[in-house]
There are 2 protein chains.
Amino acid sequence: MRAGSIRKAAEDMNLTASALNRRIRRFEDEFGAEIFERLPRGVRLNPAGELLIQHFRGQVSDLERVRSQVADLSGVRRGHVSIACSQALQPYFLPDQIARYRRDHPGVTFSVNVRDRAAAERDLSTFSSDLALVFEPVHMVEFEVLLSVPQPIHAVMSKSHPLAAKKEIRLRDCLETPHIVPTPQLGVRHLLEIAVREGSRQLNPILEADSFEFMRHYVKYEGAVGFQIPIGLEGSSDAGLVFKEISRRDVPVGHLLLGQMKGRALPVASARFANQLAVHLGQRDAV
Amino acid sequence: MRAGSIRKAAEDMNLTASALNRRIRRFEDEFGAEIFERLPRGVRLNPAGELLIQHFRGQVSDLERVRSQVADLSGVRRGHVSIACSQALQPYFLPDQIARYRRDHPGVTFSVNVRDRAAAERDLSTFSSDLALVFEPVHMVEFEVLLSVPQPIHAVMSKSHPLAAKKEIRLRDCLETPHIVPTPQLGVRHLLEIAVREGSRQLNPILEADSFEFMRHYVKYEGAVGFQIPIGLEGSSDAGLVFKEISRRDVPVGHLLLGQMKGRALPVASARFANQLAVHLGQRDAV
DNA sequence: AGAAGCGGTGCATTTGAAGCACCACTCAAG
DNA sequence: CTTGAGTGGTGCTTCAAATGCACCGCTTCT
């Protein structure tokens with residue numbers, strides 16, 4: 001995919017360029033419109049082609065769903081679930097959930113792709129993931145919400161940090177001590193930005209990173225404060241670590257959303273897994 | 001379609017049975033499951049096959065939508081609208097609407113299929129019609145309502161009929177004179193049945209017919225009363241005919257529904273036509 | 001100027017689908 | 001029961017359509 005030129009694409013498909021070229025032209029003929037812009041450096045999809053590839057991807061994924069339904073009605077619990085998720089889900093929640101599901105349905109396989117908020121939605125609309133479990137998604141067009149769970153931002157620090165003893169943690173407390181923040185494309189950072197903008201304070205991070213795992217470890221080395229949502233912390237067996245909710249007066253509560261491509265019919269395995277997630281996230285009425 | 005045996009199907013497709021047979025077997029192979037039940041008298045789709053044909057029909061219709069979108073973005077207003085409708089729409093409403101639409105978009109073609117309530121819904125779910133405009137549909141699963149318009153049942157009679165002079169027409173008035181009713185599969189009959197059941201009266205039709213046009217003409221020959229909904233009467237230039245609403249105390253008000261296959265994305269031409277229908281049926285906010 | 005890309009085309013070649021003849025089987029009618 | 005007409009399925013041959021190869025005209029970068 002996305003080879004940029006017919007020759008390269010043909011190579012990827014173990015074909016000659018001429019064969020592929022004629023395939024394309026023949027298809028364009030019977031389709032009634034050009035699909036590619038012919039540029040001197042190669043080819044690129046034109047708007048009609050974009051429409052078409054979108055249709056085609058949907059068609060392939062829908063056939064996959066039919067396959068899985070057929071397998072399902074022959075009694076075999078087989079299938080594949082692909083899920084795009086935010087970083088917070090990888091340490092505890094998702095491994096547990098997948099293991100739980102596979103205990104009942106060993107024939108079902110999974111692919112997990114850790115994505116930032118924008119990329120997760122892109123995955124859905126290109127049909128490369130069935131489900132997305134994302135903290136504070138961005139655009140939300142073509143994103144059909146199956147479930148929404150509030151996730152207030154927590155401060156993460158070492159046990160010995162002065163703030164660890166306080167009863168209520170305010171945002172200004174964190175900003176006045178050395179703090180580390182996620183990179184701008186991440187949802188937690190987004191909410192922090194909103195908070196400081198409203199309160200005319202400023203972030204002065206000593207460190208910015210795109211990995212929550214890294215940040216979680218780093219706060220133990222230097223007496224710093226980090227930020228994370230509870231689902232990425234629950235079950236943490238790290239004895240040296242403390243996490244406490246930041247006052248809701250200071251930082252808006254974010255939401256962890258489970259979603260799918262709008263209007264799409266999911267394969268049985270994915271639909272069932274989505275349902276399990278919904279149950280374990282505390283709601284019983286998800287679709 | 002629905003030939004019942006490979007040989008007959010092959011004949012319809014100008015193929016030999018052996019070629020078609022091998023096509024099927026090869027497809028079943030790579031699909032991973034049987035599609036047909038092999039019976040001594042021929043073949044029939046098994047459940048997996050039903051799932052698959054549904055997918056396939058949707059796929060074809062969706063490709064049609066993409067085609068129409070492509071034509072649309074190249075500036076050309078082309079496309080095709082297929083609509084299944086109740087009988088009442090054929091004399092005045094639908095011809096007028098289609099002519100209106102084609103005045104603006106001469107490149108758009110139409111197919112109109114008059115169907116009873118059940119068949120119209122079946123047309124939608126087999127993708128053989130894009131839209132359905134039906135009086136009192138039956139099942140409503142897979143039927144996505146785009147618009148609903150109340151249509152109280154009217155009595156139809158010749159100008160000289162005794163009832164023609166009355167100010168308010170009651171159901172019992174109609175039942176006490178010779179009356180003509182539609183066949184049971186039609187929506188008007190359905191509502192009449194509900195009415196008499198509640199009121200412990202009885203239908204004693206002198207004539208039962210599946211054609212409203214026939215019934216409309218017949219009431220002039222014999223001093224009888226017929227039944228129809230107003231959209232099938234408005235604009236009637238038949239001078240000898242009178243129609244009056246039957247008291248809503250007696251007969252429940254039916255609804256004319258514009259709908260599509262649930263969850264399906266319509267071709268541009270069909271979507272626009274649905275919108276026009278919505279506007280002319282008196283609502284401005286249809287999808 | 002030359003080389004390395006690119007899309008596109010004419011012609012020979014290959015491969016895979018279709019046609020034909022035939023088998024095994026079921027079923028209904030004689 | 002026998003028979004004949006229907007069914008799906010298969011080996012072999014035939015043929016057409018898709019592919020590969022060599023080459024063209026073109027742009028772009030060295």
# chains A, B, ... in the order shown; residues from 1 in each chain; ligands from 1
>>> calpha_fit_and_write(fixed="chain A", moving="chain B", output="mmCIF file with C-alpha atoms, in the first residue's frame")
data_model
loop_
_atom_site.group_PDB
_atom_site.id
_atom_site.type_symbol
_atom_site.label_atom_id
_atom_site.label_comp_id
_atom_site.auth_asym_id
_atom_site.auth_seq_id
_atom_site.Cartn_x
_atom_site.Cartn_y
_atom_site.Cartn_z
ATOM 1 C CA MET B 1 0.102 0.400 0.241
ATOM 2 C CA ARG B 2 0.920 4.022 -0.374
ATOM 3 C CA ALA B 3 3.924 3.223 -2.520
ATOM 4 C CA GLY B 4 3.591 6.450 -4.490
ATOM 5 C CA SER B 5 4.380 4.952 -7.858
ATOM 6 C CA ILE B 6 3.087 2.063 -9.885
ATOM 7 C CA ARG B 7 6.547 0.554 -10.200
ATOM 8 C CA LYS B 8 7.143 0.440 -6.468
ATOM 9 C CA ALA B 9 3.679 -0.852 -5.794
ATOM 10 C CA ALA B 10 4.173 -3.542 -8.414
ATOM 11 C CA GLU B 11 7.407 -4.562 -6.752
ATOM 12 C CA ASP B 12 5.650 -4.896 -3.405
ATOM 13 C CA MET B 13 3.084 -7.140 -5.028
ATOM 14 C CA ASN B 14 5.635 -9.272 -6.878
ATOM 15 C CA LEU B 15 4.358 -8.059 -10.219
ATOM 16 C CA THR B 16 5.755 -6.224 -13.184
ATOM 17 C CA ALA B 17 4.873 -2.558 -13.470
ATOM 18 C CA SER B 18 3.273 -3.160 -16.831
ATOM 19 C CA ALA B 19 0.897 -5.778 -15.481
ATOM 20 C CA LEU B 20 -0.188 -3.571 -12.607
ATOM 21 C CA ASN B 21 -0.480 -0.601 -14.898
ATOM 22 C CA ARG B 22 -2.804 -2.451 -17.204
ATOM 23 C CA ARG B 23 -4.834 -3.741 -14.303
ATOM 24 C CA ILE B 24 -5.354 -0.202 -13.120
ATOM 25 C CA ARG B 25 -6.242 1.123 -16.554
ATOM 26 C CA ARG B 26 -8.634 -1.739 -17.187
ATOM 27 C CA PHE B 27 -10.311 -1.144 -13.853
ATOM 28 C CA GLU B 28 -10.574 2.588 -14.503
ATOM 29 C CA ASP B 29 -12.128 1.756 -17.843
ATOM 30 C CA GLU B 30 -14.889 -0.402 -16.483
ATOM 31 C CA PHE B 31 -15.373 1.825 -13.470
ATOM 32 C CA GLY B 32 -15.894 4.755 -15.778
ATOM 33 C CA ALA B 33 -13.542 7.237 -14.155
ATOM 34 C CA GLU B 34 -9.870 7.810 -13.446
ATOM 35 C CA ILE B 35 -8.727 6.800 -9.999
ATOM 36 C CA PHE B 36 -5.235 8.258 -9.993
ATOM 37 C CA GLU B 37 -3.680 11.581 -10.725
ATOM 38 C CA ARG B 38 -0.790 10.909 -13.074
ATOM 39 C CA LEU B 39 2.062 13.092 -11.928
ATOM 40 C CA PRO B 40 5.529 13.196 -13.464
ATOM 41 C CA ARG B 41 6.955 11.745 -10.248
ATOM 42 C CA GLY B 42 4.414 8.967 -9.846
ATOM 43 C CA VAL B 43 0.735 8.583 -9.117
ATOM 44 C CA ARG B 44 -1.574 9.673 -6.347
ATOM 45 C CA LEU B 45 -5.221 8.908 -5.623
ATOM 46 C CA ASN B 46 -7.586 11.598 -6.827
ATOM 47 C CA PRO B 47 -10.821 12.342 -4.916
ATOM 48 C CA ALA B 48 -12.653 9.589 -6.780
ATOM 49 C CA GLY B 49 -9.884 7.215 -5.802
ATOM 50 C CA GLU B 50 -10.143 8.232 -2.158
ATOM 51 C CA LEU B 51 -13.852 7.499 -2.215
ATOM 52 C CA LEU B 52 -13.164 4.181 -3.833
ATOM 53 C CA ILE B 53 -10.414 3.043 -1.486
ATOM 54 C CA GLN B 54 -12.667 3.893 1.433
ATOM 55 C CA HIS B 55 -15.386 1.736 -0.077
ATOM 56 C CA PHE B 56 -12.916 -1.013 -0.733
ATOM 57 C CA ARG B 57 -11.536 -1.041 2.796
ATOM 58 C CA GLY B 58 -15.026 -1.181 4.190
ATOM 59 C CA GLN B 59 -15.855 -4.025 1.868
ATOM 60 C CA VAL B 60 -12.881 -6.074 2.986
ATOM 61 C CA SER B 61 -13.591 -5.488 6.639
ATOM 62 C CA ASP B 62 -17.235 -6.352 6.154
ATOM 63 C CA LEU B 63 -16.302 -9.600 4.476
ATOM 64 C CA GLU B 64 -14.220 -10.325 7.552
ATOM 65 C CA ARG B 65 -17.300 -9.758 9.661
ATOM 66 C CA VAL B 66 -19.305 -12.184 7.528
ATOM 67 C CA ARG B 67 -16.504 -14.725 7.882
ATOM 68 C CA SER B 68 -16.582 -14.384 11.638
ATOM 69 C CA GLN B 69 -20.354 -14.692 11.721
ATOM 70 C CA VAL B 70 -20.179 -17.835 9.650
ATOM 71 C CA ALA B 71 -17.540 -19.295 11.952
ATOM 72 C CA ASP B 72 -19.752 -18.332 14.849
ATOM 73 C CA LEU B 73 -22.831 -20.121 13.566
ATOM 74 C CA SER B 74 -20.862 -23.279 12.929
ATOM 75 C CA GLY B 75 -20.264 -23.334 16.650
ATOM 76 C CA VAL B 76 -16.604 -22.437 16.497
ATOM 77 C CA ARG B 77 -15.615 -19.380 18.468
ATOM 78 C CA ARG B 78 -12.984 -18.055 16.156
ATOM 79 C CA GLY B 79 -12.131 -14.625 14.935
ATOM 80 C CA HIS B 80 -9.828 -11.696 15.379
ATOM 81 C CA VAL B 81 -10.120 -8.494 17.355
ATOM 82 C CA SER B 82 -8.012 -5.480 16.503
ATOM 83 C CA ILE B 83 -7.986 -2.627 18.944
ATOM 84 C CA ALA B 84 -6.252 0.733 18.999
ATOM 85 C CA CYS B 85 -5.706 2.137 22.467
ATOM 86 C CA SER B 86 -4.084 4.906 24.428
ATOM 87 C CA GLN B 87 -0.878 4.202 26.334
ATOM 88 C CA ALA B 88 -2.623 4.136 29.685
ATOM 89 C CA LEU B 89 -4.335 0.878 28.775
ATOM 90 C CA GLN B 90 -1.255 -1.148 28.041
ATOM 91 C CA PRO B 91 0.219 -1.904 31.476
ATOM 92 C CA TYR B 92 -2.731 -3.295 33.411
ATOM 93 C CA PHE B 93 -6.189 -2.952 31.993
ATOM 94 C CA LEU B 94 -5.975 -4.317 28.484
ATOM 95 C CA PRO B 95 -3.701 -7.310 29.152
ATOM 96 C CA ASP B 96 -6.062 -8.377 31.909
ATOM 97 C CA GLN B 97 -9.136 -7.957 29.721
ATOM 98 C CA ILE B 98 -7.675 -9.806 26.761
ATOM 99 C CA ALA B 99 -6.479 -12.691 28.940
ATOM 100 C CA ARG B 100 -9.938 -12.848 30.475
ATOM 101 C CA TYR B 101 -11.570 -13.022 27.056
ATOM 102 C CA ARG B 102 -9.161 -15.560 25.680
ATOM 103 C CA ARG B 103 -9.755 -17.804 28.665
ATOM 104 C CA ASP B 104 -13.330 -18.253 27.423
ATOM 105 C CA HIS B 105 -12.563 -18.098 23.689
ATOM 106 C CA PRO B 106 -9.083 -19.456 22.992
ATOM 107 C CA GLY B 107 -9.750 -19.411 19.249
ATOM 108 C CA VAL B 108 -9.926 -15.627 19.140
ATOM 109 C CA THR B 109 -6.739 -13.735 18.355
ATOM 110 C CA PHE B 110 -5.953 -10.083 19.035
ATOM 111 C CA SER B 111 -3.916 -7.241 17.701
ATOM 112 C CA VAL B 112 -3.231 -4.296 19.975
ATOM 113 C CA ASN B 113 -1.952 -1.020 18.591
ATOM 114 C CA VAL B 114 -0.954 1.771 20.919
ATOM 115 C CA ARG B 115 -1.916 5.026 19.265
ATOM 116 C CA ASP B 116 -2.274 8.659 20.230
ATOM 117 C CA ARG B 117 -5.727 10.144 20.085
ATOM 118 C CA ALA B 118 -5.643 11.246 16.469
ATOM 119 C CA ALA B 119 -4.013 8.094 15.127
ATOM 120 C CA ALA B 120 -6.527 5.869 16.911
ATOM 121 C CA GLU B 121 -9.388 7.562 15.114
ATOM 122 C CA ARG B 122 -7.528 7.311 11.832
ATOM 123 C CA ASP B 123 -7.152 3.577 12.449
ATOM 124 C CA LEU B 124 -10.884 3.234 12.807
ATOM 125 C CA SER B 125 -11.734 5.071 9.631
ATOM 126 C CA THR B 126 -9.244 3.100 7.565
ATOM 127 C CA PHE B 127 -10.696 -0.091 9.019
ATOM 128 C CA SER B 128 -7.310 -1.130 10.367
ATOM 129 C CA SER B 129 -8.747 -1.401 13.863
ATOM 130 C CA ASP B 130 -12.192 -2.635 14.868
ATOM 131 C CA LEU B 131 -12.245 -0.844 18.203
ATOM 132 C CA ALA B 132 -10.562 2.129 19.805
ATOM 133 C CA LEU B 133 -10.184 2.743 23.526
ATOM 134 C CA VAL B 134 -8.941 6.280 23.734
ATOM 135 C CA PHE B 135 -8.579 9.004 26.308
ATOM 136 C CA GLU B 136 -10.134 12.235 25.058
ATOM 137 C CA PRO B 137 -10.411 11.648 21.307
ATOM 138 C CA VAL B 138 -10.122 14.656 19.042
ATOM 139 C CA HIS B 139 -12.386 14.869 16.032
ATOM 140 C CA MET B 140 -15.173 12.430 16.801
ATOM 141 C CA VAL B 141 -16.569 12.487 13.294
ATOM 142 C CA GLU B 142 -16.953 8.880 12.218
ATOM 143 C CA PHE B 143 -16.291 7.897 15.842
ATOM 144 C CA GLU B 144 -19.267 6.084 17.320
ATOM 145 C CA VAL B 145 -19.093 6.098 21.104
ATOM 146 C CA LEU B 146 -19.929 2.738 22.661
ATOM 147 C CA LEU B 147 -19.001 3.708 26.205
ATOM 148 C CA SER B 148 -17.689 6.669 28.151
ATOM 149 C CA VAL B 149 -15.868 6.502 31.491
ATOM 150 C CA PRO B 150 -14.719 9.575 33.426
ATOM 151 C CA GLN B 151 -11.013 9.579 34.250
ATOM 152 C CA PRO B 152 -9.810 12.456 36.439
ATOM 153 C CA ILE B 153 -6.135 13.235 36.037
ATOM 154 C CA HIS B 154 -3.908 12.042 38.838
ATOM 155 C CA ALA B 155 -0.559 13.287 40.006
ATOM 156 C CA VAL B 156 2.142 10.636 40.148
ATOM 157 C CA MET B 157 5.121 10.969 42.478
ATOM 158 C CA SER B 158 7.502 9.036 44.628
ATOM 159 C CA LYS B 159 6.377 8.070 48.120
ATOM 160 C CA SER B 160 8.870 10.455 49.647
ATOM 161 C CA HIS B 161 7.684 13.511 47.741
ATOM 162 C CA PRO B 162 6.380 16.359 49.957
ATOM 163 C CA LEU B 163 3.015 16.366 48.142
ATOM 164 C CA ALA B 164 2.483 12.691 48.884
ATOM 165 C CA ALA B 165 1.354 13.529 52.387
ATOM 166 C CA LYS B 166 -1.204 16.212 51.486
ATOM 167 C CA LYS B 167 -4.876 15.437 51.699
ATOM 168 C CA GLU B 168 -5.978 17.274 48.569
ATOM 169 C CA ILE B 169 -3.669 18.008 45.696
ATOM 170 C CA ARG B 170 -4.146 21.277 43.807
ATOM 171 C CA LEU B 171 -2.757 21.926 40.354
ATOM 172 C CA ARG B 172 -0.666 24.818 41.601
ATOM 173 C CA ASP B 173 1.069 22.471 44.041
ATOM 174 C CA CYS B 174 2.250 20.420 41.120
ATOM 175 C CA LEU B 175 3.293 23.397 39.028
ATOM 176 C CA GLU B 176 5.365 24.797 41.882
ATOM 177 C CA THR B 177 7.531 21.691 42.086
ATOM 178 C CA PRO B 178 9.483 20.127 39.240
ATOM 179 C CA HIS B 179 6.978 18.452 36.945
ATOM 180 C CA ILE B 180 6.969 16.203 33.889
ATOM 181 C CA VAL B 181 4.325 16.418 31.188
ATOM 182 C CA PRO B 182 3.290 14.329 28.189
ATOM 183 C CA THR B 183 3.816 15.627 24.648
ATOM 184 C CA PRO B 184 1.065 17.827 23.147
ATOM 185 C CA GLN B 185 -0.627 15.140 21.093
ATOM 186 C CA LEU B 186 -1.627 13.216 24.210
ATOM 187 C CA GLY B 187 -4.948 13.716 25.967
ATOM 188 C CA VAL B 188 -3.542 14.293 29.451
ATOM 189 C CA ARG B 189 -1.440 17.170 28.159
ATOM 190 C CA HIS B 190 -4.459 18.571 26.372
ATOM 191 C CA LEU B 191 -6.422 18.770 29.619
ATOM 192 C CA LEU B 192 -3.466 20.287 31.455
ATOM 193 C CA GLU B 193 -3.232 22.971 28.791
ATOM 194 C CA ILE B 194 -6.888 23.797 29.224
ATOM 195 C CA ALA B 195 -6.399 24.006 32.983
ATOM 196 C CA VAL B 196 -3.423 26.374 32.926
ATOM 197 C CA ARG B 197 -5.011 28.526 30.245
ATOM 198 C CA GLU B 198 -8.068 29.125 32.387
ATOM 199 C CA GLY B 199 -6.035 29.667 35.504
ATOM 200 C CA SER B 200 -3.417 31.950 33.955
ATOM 201 C CA ARG B 201 -0.655 29.744 35.262
ATOM 202 C CA GLN B 202 2.081 28.143 33.211
ATOM 203 C CA LEU B 203 3.529 24.724 32.608
ATOM 204 C CA ASN B 204 7.257 24.725 33.211
ATOM 205 C CA PRO B 205 8.118 21.090 32.716
ATOM 206 C CA ILE B 206 11.605 19.871 33.439
ATOM 207 C CA LEU B 207 10.913 17.069 31.016
ATOM 208 C CA GLU B 208 8.466 16.282 28.255
ATOM 209 C CA ALA B 209 7.981 12.728 27.022
ATOM 210 C CA ASP B 210 5.620 10.684 24.876
ATOM 211 C CA SER B 211 5.846 7.637 27.110
ATOM 212 C CA PHE B 212 3.897 7.331 30.323
ATOM 213 C CA GLU B 213 5.899 4.308 31.332
ATOM 214 C CA PHE B 214 9.085 6.338 31.105
ATOM 215 C CA MET B 215 7.551 9.193 33.087
ATOM 216 C CA ARG B 216 6.245 6.840 35.745
ATOM 217 C CA HIS B 217 9.725 5.545 36.316
ATOM 218 C CA TYR B 218 11.407 8.919 36.109
ATOM 219 C CA VAL B 219 9.545 10.524 39.000
ATOM 220 C CA LYS B 220 11.349 8.122 41.331
ATOM 221 C CA TYR B 221 14.788 9.297 40.247
ATOM 222 C CA GLU B 222 14.197 12.984 40.734
ATOM 223 C CA GLY B 223 11.660 14.369 43.140
ATOM 224 C CA ALA B 224 9.287 15.316 40.368
ATOM 225 C CA VAL B 225 5.549 15.107 39.740
ATOM 226 C CA GLY B 226 4.055 13.377 36.729
ATOM 227 C CA PHE B 227 0.498 13.032 35.423
ATOM 228 C CA GLN B 228 -1.567 10.038 34.430
ATOM 229 C CA ILE B 229 -5.121 8.705 34.449
ATOM 230 C CA PRO B 230 -6.158 6.126 37.048
ATOM 231 C CA ILE B 231 -6.768 3.242 34.633
ATOM 232 C CA GLY B 232 -3.068 3.310 33.865
ATOM 233 C CA LEU B 233 -2.201 3.171 37.543
ATOM 234 C CA GLU B 234 -4.636 0.785 39.139
ATOM 235 C CA GLY B 235 -3.035 -2.463 40.060
ATOM 236 C CA SER B 236 0.379 -0.884 40.014
ATOM 237 C CA SER B 237 2.618 -2.991 42.151
ATOM 238 C CA ASP B 238 5.281 -0.324 42.283
ATOM 239 C CA ALA B 239 5.746 0.196 45.997
ATOM 240 C CA GLY B 240 7.749 3.405 45.718
ATOM 241 C CA LEU B 241 5.006 5.189 43.780
ATOM 242 C CA VAL B 242 2.076 7.270 44.967
ATOM 243 C CA PHE B 243 -0.762 8.686 42.889
ATOM 244 C CA LYS B 244 -3.509 11.069 43.933
ATOM 245 C CA GLU B 245 -6.340 12.763 42.098
ATOM 246 C CA ILE B 246 -5.815 16.421 41.332
ATOM 247 C CA SER B 247 -8.672 18.596 42.549
ATOM 248 C CA ARG B 248 -11.452 18.726 40.001
ATOM 249 C CA ARG B 249 -11.721 22.450 40.649
ATOM 250 C CA ASP B 250 -8.428 22.825 38.798
ATOM 251 C CA VAL B 251 -8.356 20.300 35.984
ATOM 252 C CA PRO B 252 -11.392 19.218 33.964
ATOM 253 C CA VAL B 253 -12.260 15.539 34.169
ATOM 254 C CA GLY B 254 -11.306 13.681 30.999
ATOM 255 C CA HIS B 255 -13.098 10.733 29.504
ATOM 256 C CA LEU B 256 -11.927 7.371 28.305
ATOM 257 C CA LEU B 257 -14.036 6.425 25.311
ATOM 258 C CA LEU B 258 -14.626 3.064 23.729
ATOM 259 C CA GLY B 259 -15.642 3.523 20.141
ATOM 260 C CA GLN B 260 -15.886 2.089 16.662
ATOM 261 C CA MET B 261 -16.150 3.370 13.115
ATOM 262 C CA LYS B 262 -19.521 5.038 12.768
ATOM 263 C CA GLY B 263 -22.205 2.879 11.214
ATOM 264 C CA ARG B 264 -19.992 -0.146 10.821
ATOM 265 C CA ALA B 265 -21.133 -3.630 11.744
ATOM 266 C CA LEU B 266 -18.457 -5.255 13.885
ATOM 267 C CA PRO B 267 -17.365 -8.888 13.638
ATOM 268 C CA VAL B 268 -18.882 -11.022 16.385
ATOM 269 C CA ALA B 269 -15.627 -11.420 18.279
ATOM 270 C CA SER B 270 -15.026 -7.666 18.364
ATOM 271 C CA ALA B 271 -18.606 -6.929 19.352
ATOM 272 C CA ARG B 272 -18.409 -9.422 22.208
ATOM 273 C CA PHE B 273 -15.097 -8.062 23.389
ATOM 274 C CA ALA B 274 -16.485 -4.532 23.315
ATOM 275 C CA ASN B 275 -19.314 -5.793 25.445
ATOM 276 C CA GLN B 276 -16.955 -7.343 27.952
ATOM 277 C CA LEU B 277 -14.995 -4.093 28.165
ATOM 278 C CA ALA B 278 -18.222 -2.242 28.788
ATOM 279 C CA VAL B 279 -19.154 -4.587 31.611
ATOM 280 C CA HIS B 280 -15.783 -4.324 33.299
ATOM 281 C CA LEU B 281 -15.708 -0.596 32.904
ATOM 282 C CA GLY B 282 -18.822 -0.489 34.972
ATOM 283 C CA GLN B 283 -21.705 -0.165 32.575
ATOM 284 C CA ARG B 284 -24.051 -2.923 31.593
ATOM 285 C CA ASP B 285 -25.882 -1.538 28.595
ATOM 286 C CA ALA B 286 -23.313 -1.058 25.890
ATOM 287 C CA VAL B 287 -24.231 -2.116 22.385
#
>>> residues_around(residues="DC11 (chain C)", least_positions_apart="6", cutoff="12 Å", atoms="only C-alpha atoms (C1' of nucleotides)", output="VMD selection string")
chain D and resid 20 to 23
>>> write_last_selection(atoms="N, CA and C atoms (P, O5', C5', C4', C3', O3' and C1' of nucleotides)", output="PDB file, in the first residue's frame")
ATOM      1  P    DG D  20       3.700 -11.036 -14.210  1.00  0.00           P
ATOM      2  O5'  DG D  20       4.736 -11.191 -15.407  1.00  0.00           O
ATOM      3  C5'  DG D  20       4.944 -12.480 -15.971  1.00  0.00           C
ATOM      4  C4'  DG D  20       5.954 -12.406 -17.096  1.00  0.00           C
ATOM      5  C3'  DG D  20       7.138 -11.469 -16.871  1.00  0.00           C
ATOM      6  O3'  DG D  20       8.316 -12.087 -17.375  1.00  0.00           O
ATOM      7  C1'  DG D  20       5.976 -10.807 -18.822  1.00  0.00           C
ATOM      8  P    DC D  21       9.752 -11.395 -17.214  1.00  0.00           P
ATOM      9  O5'  DC D  21      10.054 -10.787 -18.658  1.00  0.00           O
ATOM     10  C5'  DC D  21       9.842 -11.593 -19.815  1.00  0.00           C
ATOM     11  C4'  DC D  21      10.155 -10.796 -21.070  1.00  0.00           C
ATOM     12  C3'  DC D  21      11.289  -9.774 -20.934  1.00  0.00           C
ATOM     13  O3'  DC D  21      12.178  -9.903 -22.026  1.00  0.00           O
ATOM     14  C1'  DC D  21       9.350  -8.727 -21.804  1.00  0.00           C
ATOM     15  P    DA D  22      13.617  -9.158 -22.016  1.00  0.00           P
ATOM     16  O5'  DA D  22      13.439  -8.067 -23.170  1.00  0.00           O
ATOM     17  C5'  DA D  22      12.850  -8.454 -24.417  1.00  0.00           C
ATOM     18  C4'  DA D  22      12.404  -7.222 -25.174  1.00  0.00           C
ATOM     19  C3'  DA D  22      13.414  -6.067 -25.175  1.00  0.00           C
ATOM     20  O3'  DA D  22      13.603  -5.602 -26.499  1.00  0.00           O
ATOM     21  C1'  DA D  22      11.292  -5.294 -24.470  1.00  0.00           C
ATOM     22  P    DC D  23      14.697  -4.478 -26.839  1.00  0.00           P
ATOM     23  O5'  DC D  23      13.847  -3.124 -26.897  1.00  0.00           O
ATOM     24  C5'  DC D  23      12.703  -3.069 -27.756  1.00  0.00           C
ATOM     25  C4'  DC D  23      11.846  -1.901 -27.371  1.00  0.00           C
ATOM     26  C3'  DC D  23      12.563  -0.557 -27.254  1.00  0.00           C
ATOM     27  O3'  DC D  23      12.251   0.244 -28.388  1.00  0.00           O
ATOM     28  C1'  DC D  23      10.854  -0.839 -25.635  1.00  0.00           C
TER      29       DC D  23
END
>>> interface_residues(of="chain D", to="chain B", cutoff="9 Å", atoms="only C-alpha atoms (C1' of nucleotides)", output="compact mmCIF listing (two decimals) with N, CA and C atoms (P, O5', C5', C4', C3', O3' and C1' of nucleotides), in the first residue's frame")
# COMPACT_ATOMS: atom_id res chain seq x y z
P DG D 6 -35.65 -32.88 -17.78
O5' DG D 6 -34.65 -32.59 -16.55
C5' DG D 6 -35.16 -32.03 -15.38
C4' DG D 6 -34.49 -32.60 -14.15
C3' DG D 6 -33.09 -32.06 -13.86
O3' DG D 6 -33.16 -30.77 -13.31
C1' DG D 6 -33.28 -34.37 -13.30
P DT D 7 -31.92 -29.85 -13.31
O5' DT D 7 -30.99 -30.47 -12.18
C5' DT D 7 -31.44 -30.44 -10.82
C4' DT D 7 -30.54 -31.31 -9.96
C3' DT D 7 -29.07 -30.94 -9.96
O3' DT D 7 -28.85 -29.86 -9.09
C1' DT D 7 -29.33 -33.30 -10.06
P DG D 8 -27.59 -28.94 -9.28
O5' DG D 8 -26.41 -29.83 -8.70
C5' DG D 8 -26.36 -30.09 -7.29
C4' DG D 8 -25.23 -31.03 -6.97
C3' DG D 8 -23.83 -30.41 -7.10
O3' DG D 8 -23.00 -30.92 -6.07
C1' DG D 8 -24.02 -32.25 -8.58
P DG D 9 -21.47 -30.45 -6.01
O5' DG D 9 -20.68 -31.49 -6.92
C5' DG D 9 -20.54 -32.84 -6.46
C4' DG D 9 -19.61 -33.62 -7.38
C3' DG D 9 -18.26 -32.94 -7.65
O3' DG D 9 -17.23 -33.91 -7.48
C1' DG D 9 -19.29 -33.53 -9.68
P DT D 10 -15.70 -33.46 -7.48
O5' DT D 10 -15.17 -34.03 -8.87
C5' DT D 10 -15.28 -35.42 -9.15
C4' DT D 10 -14.67 -35.73 -10.52
C3' DT D 10 -13.35 -35.02 -10.82
O3' DT D 10 -12.47 -35.94 -11.46
C1' DT D 10 -14.87 -34.61 -12.55
>>> atom_distance(atom1="C1' of DG11 (chain D)", atom2="C1' of DT26 (chain C)")
23.4 Å
>>> atom_distance(atom1="C1' of DC23 (chain C)", atom2="C1' of DT2 (chain D)")
19.8 Å
>>> atom_distance(atom1="C1' of DA18 (chain D)", atom2="C1' of DA4 (chain C)")
28.8 Å
>>> interface_residues(of="chain C", to="chain A", cutoff="12 Å", atoms="only C-alpha atoms (C1' of nucleotides)", output="PyMOL selection string")
chain C and resi 4-10
>>> select_by_dssp(residues="region 66-221 of chain B", states="alpha helix (DSSP H)", output="JSON, numbers by chain")
{"B": [66, 67, 68, 69, 70, 71, 72, 73, 93, 94, 95, 96, 97, 98, 99, 100, 101, 102, 103, 104, 117, 118, 119, 120, 121, 122, 123, 124, 125, 171, 172, 173, 174, 175, 176, 187, 188, 189, 190, 191, 192, 193, 194, 195, 196, 197, 198, 212, 213, 214, 215, 216, 217, 218, 219, 220, 221]}
